[in-house]
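Data file: entry08.cif. Format and content: mmCIF, C-alpha atoms.
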```cif
data_final
#
loop_
_atom_site.label_atom_id
_atom_site.label_comp_id
_atom_site.auth_asym_id
_atom_site.auth_seq_id
_atom_site.Cartn_x
_atom_site.Cartn_y
_atom_site.Cartn_z
CA MET A 1 -18.41 15.78 -4.01
CA THR A 2 -15.77 15.68 -6.71
CA THR A 3 -16.65 13.70 -9.81
CA VAL A 4 -14.39 10.66 -10.09
CA THR A 5 -13.81 8.57 -13.21
CA THR A 6 -12.71 4.96 -12.79
CA HIS A 7 -11.18 2.44 -15.18
CA THR A 8 -10.10 -1.17 -15.01
CA VAL A 9 -6.54 -1.53 -16.28
CA GLU A 10 -4.87 -4.77 -17.33
CA TYR A 11 -1.10 -5.16 -17.39
CA PRO A 12 1.46 -7.98 -17.13
CA ALA A 13 3.39 -8.68 -13.91
CA ASP A 14 4.77 -11.74 -12.12
CA GLY A 15 3.76 -13.96 -15.02
CA LEU A 16 0.11 -12.96 -14.64
CA THR A 17 -2.33 -10.51 -16.20
CA MET A 18 -2.98 -8.07 -13.39
CA ILE A 19 -6.29 -6.21 -13.16
CA GLY A 20 -5.88 -2.87 -11.41
CA HIS A 21 -8.34 -0.12 -10.55
CA LEU A 22 -7.52 3.41 -11.72
CA ALA A 23 -9.42 6.37 -10.30
CA LEU A 24 -9.12 9.85 -11.83
CA PRO A 25 -10.12 13.14 -10.21
CA ALA A 26 -12.26 15.76 -11.89
CA GLY A 27 -10.59 18.16 -14.26
CA ALA A 28 -8.10 17.81 -17.08
CA GLY A 29 -4.72 18.82 -15.68
CA ARG A 30 -1.99 16.71 -14.20
CA ARG A 31 -2.30 15.77 -10.56
CA PRO A 32 -0.14 14.07 -7.94
CA ALA A 33 -0.60 10.32 -7.98
CA VAL A 34 -0.79 7.53 -5.44
CA LEU A 35 -0.01 3.86 -5.89
CA ILE A 36 -2.12 1.72 -3.53
CA GLY A 37 -1.07 -1.80 -2.58
CA PRO A 38 -3.71 -4.19 -1.21
CA GLU A 39 -3.54 -6.78 1.56
CA GLY A 40 -2.36 -10.33 1.00
CA PRO A 41 -5.75 -11.71 -0.13
CA GLY A 42 -5.64 -9.34 -3.10
CA LEU A 43 -7.58 -6.48 -4.62
CA ASN A 44 -11.27 -6.22 -3.73
CA ASP A 45 -13.91 -3.49 -3.65
CA PHE A 46 -12.69 -2.15 -0.32
CA GLN A 47 -9.27 -1.37 -1.77
CA ARG A 48 -10.84 0.00 -4.94
CA ARG A 49 -12.84 2.41 -2.80
CA ARG A 50 -9.60 3.64 -1.26
CA ALA A 51 -8.48 4.70 -4.73
CA ASP A 52 -11.84 6.38 -5.35
CA ALA A 53 -11.58 8.26 -2.04
CA LEU A 54 -8.14 9.57 -2.93
CA ALA A 55 -9.37 10.62 -6.37
CA GLU A 56 -12.12 12.60 -4.66
CA LEU A 57 -9.32 14.44 -2.83
CA GLY A 58 -7.68 15.29 -6.15
CA TYR A 59 -5.18 12.46 -6.63
CA VAL A 60 -4.75 10.11 -9.54
CA ALA A 61 -4.91 6.74 -7.74
CA LEU A 62 -4.12 3.21 -8.88
CA ALA A 63 -5.03 0.26 -6.66
CA PHE A 64 -2.80 -2.46 -8.02
CA ASP A 65 -3.36 -6.19 -8.26
CA LEU A 66 -1.32 -8.96 -6.64
CA HIS A 67 -2.77 -12.18 -7.98
CA GLY A 68 -3.97 -11.79 -11.54
CA GLY A 69 -7.49 -10.75 -10.64
CA ARG A 70 -7.93 -13.24 -7.80
CA TRP A 71 -9.00 -12.43 -4.26
CA PHE A 72 -8.29 -15.29 -1.89
CA THR A 73 -10.92 -16.34 0.65
CA ASP A 74 -8.92 -19.36 1.89
CA PRO A 75 -6.07 -18.09 4.10
CA GLN A 76 -3.93 -21.16 3.50
CA GLU A 77 -4.23 -20.74 -0.26
CA MET A 78 -3.37 -17.07 0.16
CA LEU A 79 -0.31 -17.88 2.28
CA ALA A 80 0.89 -20.39 -0.31
CA ARG A 81 0.95 -17.57 -2.85
CA VAL A 82 2.09 -14.71 -0.60
CA THR A 83 4.76 -16.34 1.58
CA PRO A 84 7.25 -17.01 -1.25
CA LEU A 85 6.45 -13.61 -2.73
CA LEU A 86 7.35 -11.83 0.52
CA ALA A 87 10.61 -13.78 0.61
CA ASP A 88 11.62 -12.54 -2.85
CA PRO A 89 12.30 -8.78 -2.99
CA ASP A 90 12.90 -8.89 -6.73
CA ARG A 91 9.46 -10.40 -7.39
CA MET A 92 7.84 -7.77 -5.16
CA ARG A 93 9.70 -5.04 -7.00
CA GLY A 94 8.59 -6.45 -10.33
CA ILE A 95 4.93 -6.27 -9.28
CA GLY A 96 5.44 -2.75 -7.94
CA HIS A 97 7.29 -1.45 -10.98
CA ALA A 98 4.70 -2.85 -13.37
CA ALA A 99 1.94 -1.00 -11.52
CA LEU A 100 4.06 2.13 -11.27
CA ASP A 101 4.60 2.08 -15.04
CA VAL A 102 0.82 2.01 -15.55
CA LEU A 103 0.37 4.93 -13.17
CA ARG A 104 3.14 6.97 -14.81
CA ALA A 105 1.69 6.31 -18.28
CA GLU A 106 -1.65 7.85 -17.28
CA PRO A 107 -1.76 11.35 -18.88
CA ARG A 108 -3.33 12.86 -15.75
CA THR A 109 -0.38 11.74 -13.60
CA ASP A 110 2.35 14.19 -12.68
CA PRO A 111 5.30 11.77 -12.94
CA ASP A 112 7.40 13.84 -10.55
CA ARG A 113 4.81 13.65 -7.76
CA ILE A 114 4.00 10.06 -6.87
CA ALA A 115 3.49 8.39 -3.49
CA ALA A 116 3.09 4.73 -2.58
CA ILE A 117 0.87 3.47 0.19
CA GLY A 118 0.17 -0.14 0.99
CA TYR A 119 -1.41 -2.58 3.40
CA GLY A 120 0.22 -5.86 4.41
CA THR A 121 1.74 -7.43 1.30
CA GLY A 122 0.99 -4.29 -0.73
CA GLY A 123 2.85 -2.25 1.86
CA ALA A 124 5.84 -4.57 1.63
CA ILE A 125 5.87 -3.94 -2.12
CA ALA A 126 5.74 -0.17 -1.56
CA LEU A 127 8.75 -0.43 0.75
CA GLU A 128 10.66 -2.51 -1.79
CA LEU A 129 10.09 0.19 -4.40
CA GLY A 130 11.72 2.60 -1.95
CA ARG A 131 14.61 0.23 -1.31
CA ASP A 132 15.02 0.00 -5.09
CA GLY A 133 15.63 3.74 -5.22
CA VAL A 134 12.35 4.76 -6.88
CA ASP A 135 11.73 8.51 -6.75
CA LEU A 136 8.66 8.71 -4.51
CA ARG A 137 7.42 11.62 -2.42
CA VAL A 138 6.39 9.42 0.52
CA ILE A 139 5.78 5.79 1.44
CA GLY A 140 2.96 4.95 3.84
CA THR A 141 2.25 1.43 5.08
CA VAL A 142 -0.09 -0.31 7.49
CA ASN A 143 0.76 -3.76 8.88
CA ALA A 144 3.85 -4.00 6.68
CA LEU A 145 6.91 -3.73 8.91
CA THR A 146 9.06 -5.78 6.57
CA THR A 147 12.82 -5.42 6.50
CA GLY A 148 14.86 -5.59 3.32
CA ARG A 149 18.22 -6.83 2.18
CA PRO A 150 21.16 -5.35 4.13
CA GLY A 151 21.99 -1.78 3.22
CA GLU A 152 19.27 -1.28 0.63
CA ALA A 153 17.11 0.95 2.84
CA ALA A 154 19.75 3.62 2.32
CA ARG A 155 18.36 3.98 -1.20
CA ILE A 156 14.98 5.18 0.12
CA ARG A 157 14.64 8.80 -1.04
CA CYS A 158 11.51 9.92 0.81
CA PRO A 159 9.84 9.88 4.22
CA VAL A 160 8.43 6.55 5.43
CA TRP A 161 5.37 6.27 7.67
CA ALA A 162 4.31 2.94 9.14
CA GLY A 163 1.28 1.96 11.21
CA VAL A 164 0.82 -1.31 13.10
CA GLY A 165 -1.51 -2.80 15.71
CA SER A 166 0.00 -3.39 19.14
CA GLU A 167 -1.51 -6.90 19.22
CA ASP A 168 -0.45 -7.91 15.71
CA PRO A 169 1.24 -11.34 16.05
CA ILE A 170 2.47 -11.18 12.46
CA MET A 171 4.30 -7.90 13.17
CA PRO A 172 5.32 -8.39 16.84
CA PRO A 173 7.53 -6.02 18.87
CA ALA A 174 10.73 -7.71 17.65
CA GLN A 175 9.69 -7.02 14.06
CA ARG A 176 8.86 -3.42 14.94
CA ASP A 177 12.31 -3.03 16.45
CA ALA A 178 14.01 -4.54 13.40
CA PHE A 179 12.11 -2.24 11.06
CA ALA A 180 12.91 0.81 13.18
CA ALA A 181 16.59 -0.14 13.33
CA GLU A 182 16.74 -0.59 9.56
CA MET A 183 15.16 2.79 8.90
CA GLN A 184 17.26 4.58 11.51
CA THR A 185 20.55 3.05 10.35
CA ALA A 186 19.72 4.04 6.78
CA GLY A 187 19.09 7.66 7.78
CA VAL A 188 15.49 7.58 6.57
CA ASP A 189 12.94 10.15 7.74
CA TRP A 190 10.66 7.58 9.38
CA ARG A 191 7.69 7.37 11.71
CA LEU A 192 6.02 4.41 13.39
CA VAL A 193 2.53 4.60 14.87
CA VAL A 194 1.34 1.76 17.11
CA TYR A 195 -2.44 1.50 17.41
CA GLY A 196 -3.19 0.17 20.89
CA GLY A 197 -5.20 -3.04 21.08
CA ALA A 198 -5.38 -3.55 17.32
CA GLN A 199 -4.56 -6.83 15.58
CA HIS A 200 -3.31 -7.57 12.07
CA ALA A 201 -5.44 -6.15 9.24
CA PHE A 202 -7.30 -4.01 11.79
CA HIS A 203 -8.06 -1.50 9.04
CA HIS A 204 -10.08 -3.94 6.89
CA PRO A 205 -13.80 -4.42 7.63
CA PRO A 206 -14.98 -7.96 8.39
CA VAL A 207 -15.42 -10.23 5.40
CA ASP A 208 -17.24 -13.54 4.97
CA GLN A 209 -14.18 -15.77 5.06
CA THR A 210 -12.03 -17.79 7.41
CA VAL A 211 -9.42 -15.55 9.00
CA LEU A 212 -6.06 -16.34 10.50
CA PRO A 213 -5.48 -16.07 14.25
CA GLY A 214 -4.49 -12.57 15.29
CA VAL A 215 -6.45 -10.93 12.47
CA GLY A 216 -9.33 -8.67 13.41
CA HIS A 217 -11.07 -5.42 12.57
CA HIS A 218 -10.79 -2.40 14.87
CA PRO A 219 -13.28 0.19 13.56
CA LEU A 220 -11.93 3.15 15.53
CA HIS A 221 -8.29 2.57 14.67
CA ALA A 222 -9.26 1.84 11.07
CA GLN A 223 -10.70 5.36 10.82
CA ARG A 224 -7.65 6.81 12.54
CA ALA A 225 -5.21 5.01 10.26
CA TRP A 226 -7.03 6.29 7.18
CA ARG A 227 -6.98 9.84 8.51
CA ASP A 228 -3.28 9.42 9.22
CA ILE A 229 -2.65 8.27 5.64
CA VAL A 230 -4.64 11.20 4.21
CA GLY A 231 -2.75 13.59 6.48
CA LEU A 232 0.55 12.07 5.40
CA LEU A 233 -0.31 12.67 1.75
CA ALA A 234 -1.44 16.22 2.51
CA GLU A 235 1.93 16.90 4.14
CA CYS A 236 4.23 15.21 1.62
CA LEU A 237 2.20 15.28 -1.59
CA PRO A 238 -0.32 18.13 -1.42
CA VAL A 239 -2.82 18.59 -4.22
CA THR A 240 -2.21 21.96 -5.86
CA GLU A 241 -3.98 23.34 -8.89
#
```

Write the structure described by the file as structure tokens, please.
Amino acid sequence: MTTVTTHTVEYPADGLTMIGHLALPAGAGRRPAVLIGPEGPGLNDFQRRRADALAELGYVALAFDLHGGRWFTDPQEMLARVTPLLADPDRMRGIGHAALDVLRAEPRTDPDRIAAIGYGTGGAIALELGRDGVDLRVIGTVNALTTGRPGEAARIRCPVWAGVGSEDPIMPPAQRDAFAAEMQTAGVDWRLVVYGGAQHAFHHPPVDQTVLPGVGHHPLHAQRAWRDIVGLLAECLPVTE
């Protein structure tokens, strides 16, 4: 297994001191890099391990923070923080750009080869970076079929891949259709994968906390969605020596 080096990185965003998790692959040369956005509750060890797994594949990976080091266990407290954030594209972009600046400043990062992947709220932030015209190689999201301000999707400069559970009440068929229409109208190279029987946050293993209705883990689809993300990166941002 490839030797991975990890660091905790602190940086300002959204009026908070964010605490991200940077994972570096073995070697000394520059590598393609991946920005990883966590679910609404925030950054925890599961998302940090995603960064480590991508570093093992040869990517520089930064799992960014949403809440200044907090991880919410109370869904109502989480919604009180996340709901206004999701309604404010400029705030989401600010959080995304701050993390992207950290990733670009890492000497191992090839600044011309960066992808953004994200889950839930973190996926919405990845999409807003695309709508802001950021030069990314690919955007991959799970459970993040958010739509942006009119016309701004035309500024997306890379392929977009989106995964969602068929039984996700937070991203219902009407939201899927709106997302697809936005991407298609903008002329984006887009794909949407619907995982049959899966609910919201199906990719995240069970945690000891109260969960919202319609949220549930689907182990098989979780594995499939991760393989799909890894395959997406291999296609659009291959690791080359």

Which centre and edge lengths in Å to one decimal define the box along x, y and z that fits every listed atom of region 152-167 of chain A plus 8 Å per side, as AutoDock Vina command-line options?
```
--center_x 9.1 --center_y 1.5 --center_z 9.0 --size_x 37.3 --size_y 32.8 --size_z 36.4
```

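In terms of minimum interatomic distance to Trp226 (chain A), A:His204 ranks closest within A:His67, A:His204, A:Arg91, A:Arg155, counting all atoms listed in the file.
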
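If all atoms listed in the file are the atoms counted, then among A:Met78, A:Ala178, A:Ala33, A:Val138 the closest residue to Asp110 (chain A) is A:Ala33.
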
With the file shown as input, list the residues that the PyMOL selection byres ((chain A and resi 165-175) around 8) selects, as an mmCIF file with C-alpha atoms, in the frame of the given file.
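Written output follows (out-v6.cif):
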```cif
data_model
loop_
_atom_site.group_PDB
_atom_site.id
_atom_site.type_symbol
_atom_site.label_atom_id
_atom_site.label_comp_id
_atom_site.auth_asym_id
_atom_site.auth_seq_id
_atom_site.Cartn_x
_atom_site.Cartn_y
_atom_site.Cartn_z
ATOM 1 C CA ASN A 143 0.760 -3.760 8.880
ATOM 2 C CA ALA A 144 3.850 -4.000 6.680
ATOM 3 C CA LEU A 145 6.910 -3.730 8.910
ATOM 4 C CA THR A 146 9.060 -5.780 6.570
ATOM 5 C CA GLY A 163 1.280 1.960 11.210
ATOM 6 C CA VAL A 164 0.820 -1.310 13.100
ATOM 7 C CA ARG A 176 8.860 -3.420 14.940
ATOM 8 C CA ASP A 177 12.310 -3.030 16.450
ATOM 9 C CA ALA A 178 14.010 -4.540 13.400
ATOM 10 C CA PHE A 179 12.110 -2.240 11.060
ATOM 11 C CA VAL A 194 1.340 1.760 17.110
ATOM 12 C CA TYR A 195 -2.440 1.500 17.410
ATOM 13 C CA GLY A 196 -3.190 0.170 20.890
ATOM 14 C CA GLY A 197 -5.200 -3.040 21.080
ATOM 15 C CA ALA A 198 -5.380 -3.550 17.320
ATOM 16 C CA GLN A 199 -4.560 -6.830 15.580
ATOM 17 C CA HIS A 200 -3.310 -7.570 12.070
ATOM 18 C CA PHE A 202 -7.300 -4.010 11.790
ATOM 19 C CA GLY A 214 -4.490 -12.570 15.290
ATOM 20 C CA VAL A 215 -6.450 -10.930 12.470
#
```

| task | Would you mind telling me which residue in A:Gly140, A:Pro159, A:Gly37, A:Pro89 lies nearest to Glu128 (chain A) when using all atoms listed in the file? | result |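 The answer is A:Pro89, which sits nearest to Glu128 (chain A).
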
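Residue membership of the PyMOL selection byres ((chain A and resi 130) around 8) in the shown file amounts to Ala126, Leu127, Glu128, Leu129, Arg131, Asp132, Gly133, Val134, Asp135, Leu136, Ile139, Ala153, Arg155, Ile156, Arg157 and Cys158 of chain A.
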
| request: Find the distance between CA of Val188 (chain A) and CA of Gly42 (chain A) and write it in Å to one decimal. | output: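 Answer for the CA of Val188 (chain A) to CA of Gly42 (chain A) separation: 28.7 Å.
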
Restore N, CA, C and O atoms in region 142-162 of chain A and list the result as a short mmCIF file (atom, residue, chain, number, x, y, z; two decimals), keeping the file's coordinate frame.
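Result saved to out03.cif:
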```cif
data_model
loop_
_atom_site.label_atom_id
_atom_site.label_comp_id
_atom_site.auth_asym_id
_atom_site.auth_seq_id
_atom_site.Cartn_x
_atom_site.Cartn_y
_atom_site.Cartn_z
N VAL A 142 0.61 0.19 6.31
CA VAL A 142 -0.09 -0.31 7.49
C VAL A 142 0.11 -1.82 7.54
O VAL A 142 -0.10 -2.51 6.53
N ASN A 143 0.53 -2.32 8.69
CA ASN A 143 0.76 -3.76 8.88
C ASN A 143 1.78 -4.30 7.89
O ASN A 143 1.60 -5.40 7.34
N ALA A 144 2.85 -3.57 7.66
CA ALA A 144 3.85 -4.00 6.68
C ALA A 144 5.26 -3.68 7.15
O ALA A 144 6.06 -3.11 6.40
N LEU A 145 5.58 -4.05 8.38
CA LEU A 145 6.91 -3.73 8.91
C LEU A 145 7.95 -4.73 8.43
O LEU A 145 8.64 -5.38 9.22
N THR A 146 8.07 -4.86 7.13
CA THR A 146 9.06 -5.78 6.57
C THR A 146 10.42 -5.10 6.51
O THR A 146 10.53 -3.89 6.35
N THR A 147 11.45 -5.91 6.64
CA THR A 147 12.82 -5.42 6.50
C THR A 147 13.39 -5.96 5.19
O THR A 147 12.97 -7.02 4.71
N GLY A 148 14.33 -5.23 4.62
CA GLY A 148 14.86 -5.59 3.32
C GLY A 148 16.26 -6.18 3.39
O GLY A 148 16.77 -6.49 4.47
N ARG A 149 16.86 -6.32 2.24
CA ARG A 149 18.22 -6.83 2.18
C ARG A 149 19.18 -5.80 2.78
O ARG A 149 18.94 -4.59 2.69
N PRO A 150 20.27 -6.26 3.40
CA PRO A 150 21.16 -5.35 4.13
C PRO A 150 21.62 -4.17 3.28
O PRO A 150 22.08 -4.34 2.14
N GLY A 151 21.48 -2.99 3.84
CA GLY A 151 21.99 -1.78 3.22
C GLY A 151 21.09 -1.12 2.21
O GLY A 151 21.29 0.05 1.86
N GLU A 152 20.06 -1.84 1.72
CA GLU A 152 19.27 -1.28 0.63
C GLU A 152 18.30 -0.19 1.08
O GLU A 152 17.86 0.61 0.25
N ALA A 153 17.98 -0.13 2.37
CA ALA A 153 17.11 0.95 2.84
C ALA A 153 17.76 2.31 2.66
O ALA A 153 17.06 3.33 2.61
N ALA A 154 19.07 2.35 2.54
CA ALA A 154 19.75 3.62 2.32
C ALA A 154 19.38 4.24 0.98
O ALA A 154 19.65 5.43 0.75
N ARG A 155 18.76 3.46 0.11
CA ARG A 155 18.36 3.98 -1.20
C ARG A 155 16.98 4.64 -1.15
O ARG A 155 16.54 5.21 -2.15
N ILE A 156 16.29 4.54 -0.01
CA ILE A 156 14.98 5.18 0.12
C ILE A 156 15.17 6.70 0.09
O ILE A 156 15.95 7.26 0.86
N ARG A 157 14.43 7.38 -0.76
CA ARG A 157 14.64 8.80 -1.04
C ARG A 157 13.51 9.69 -0.52
O ARG A 157 13.40 10.84 -0.91
N CYS A 158 12.67 9.16 0.36
CA CYS A 158 11.51 9.92 0.81
C CYS A 158 11.17 9.52 2.24
O CYS A 158 11.68 8.52 2.77
N PRO A 159 10.30 10.28 2.90
CA PRO A 159 9.84 9.88 4.22
C PRO A 159 9.07 8.55 4.18
O PRO A 159 8.45 8.22 3.16
N VAL A 160 9.15 7.82 5.28
CA VAL A 160 8.43 6.55 5.43
C VAL A 160 7.58 6.63 6.69
O VAL A 160 8.08 6.97 7.76
N TRP A 161 6.30 6.33 6.54
CA TRP A 161 5.37 6.27 7.67
C TRP A 161 4.84 4.85 7.76
O TRP A 161 4.48 4.25 6.74
N ALA A 162 4.79 4.31 8.97
CA ALA A 162 4.31 2.94 9.14
C ALA A 162 3.36 2.88 10.32
O ALA A 162 3.63 3.43 11.38
#
```
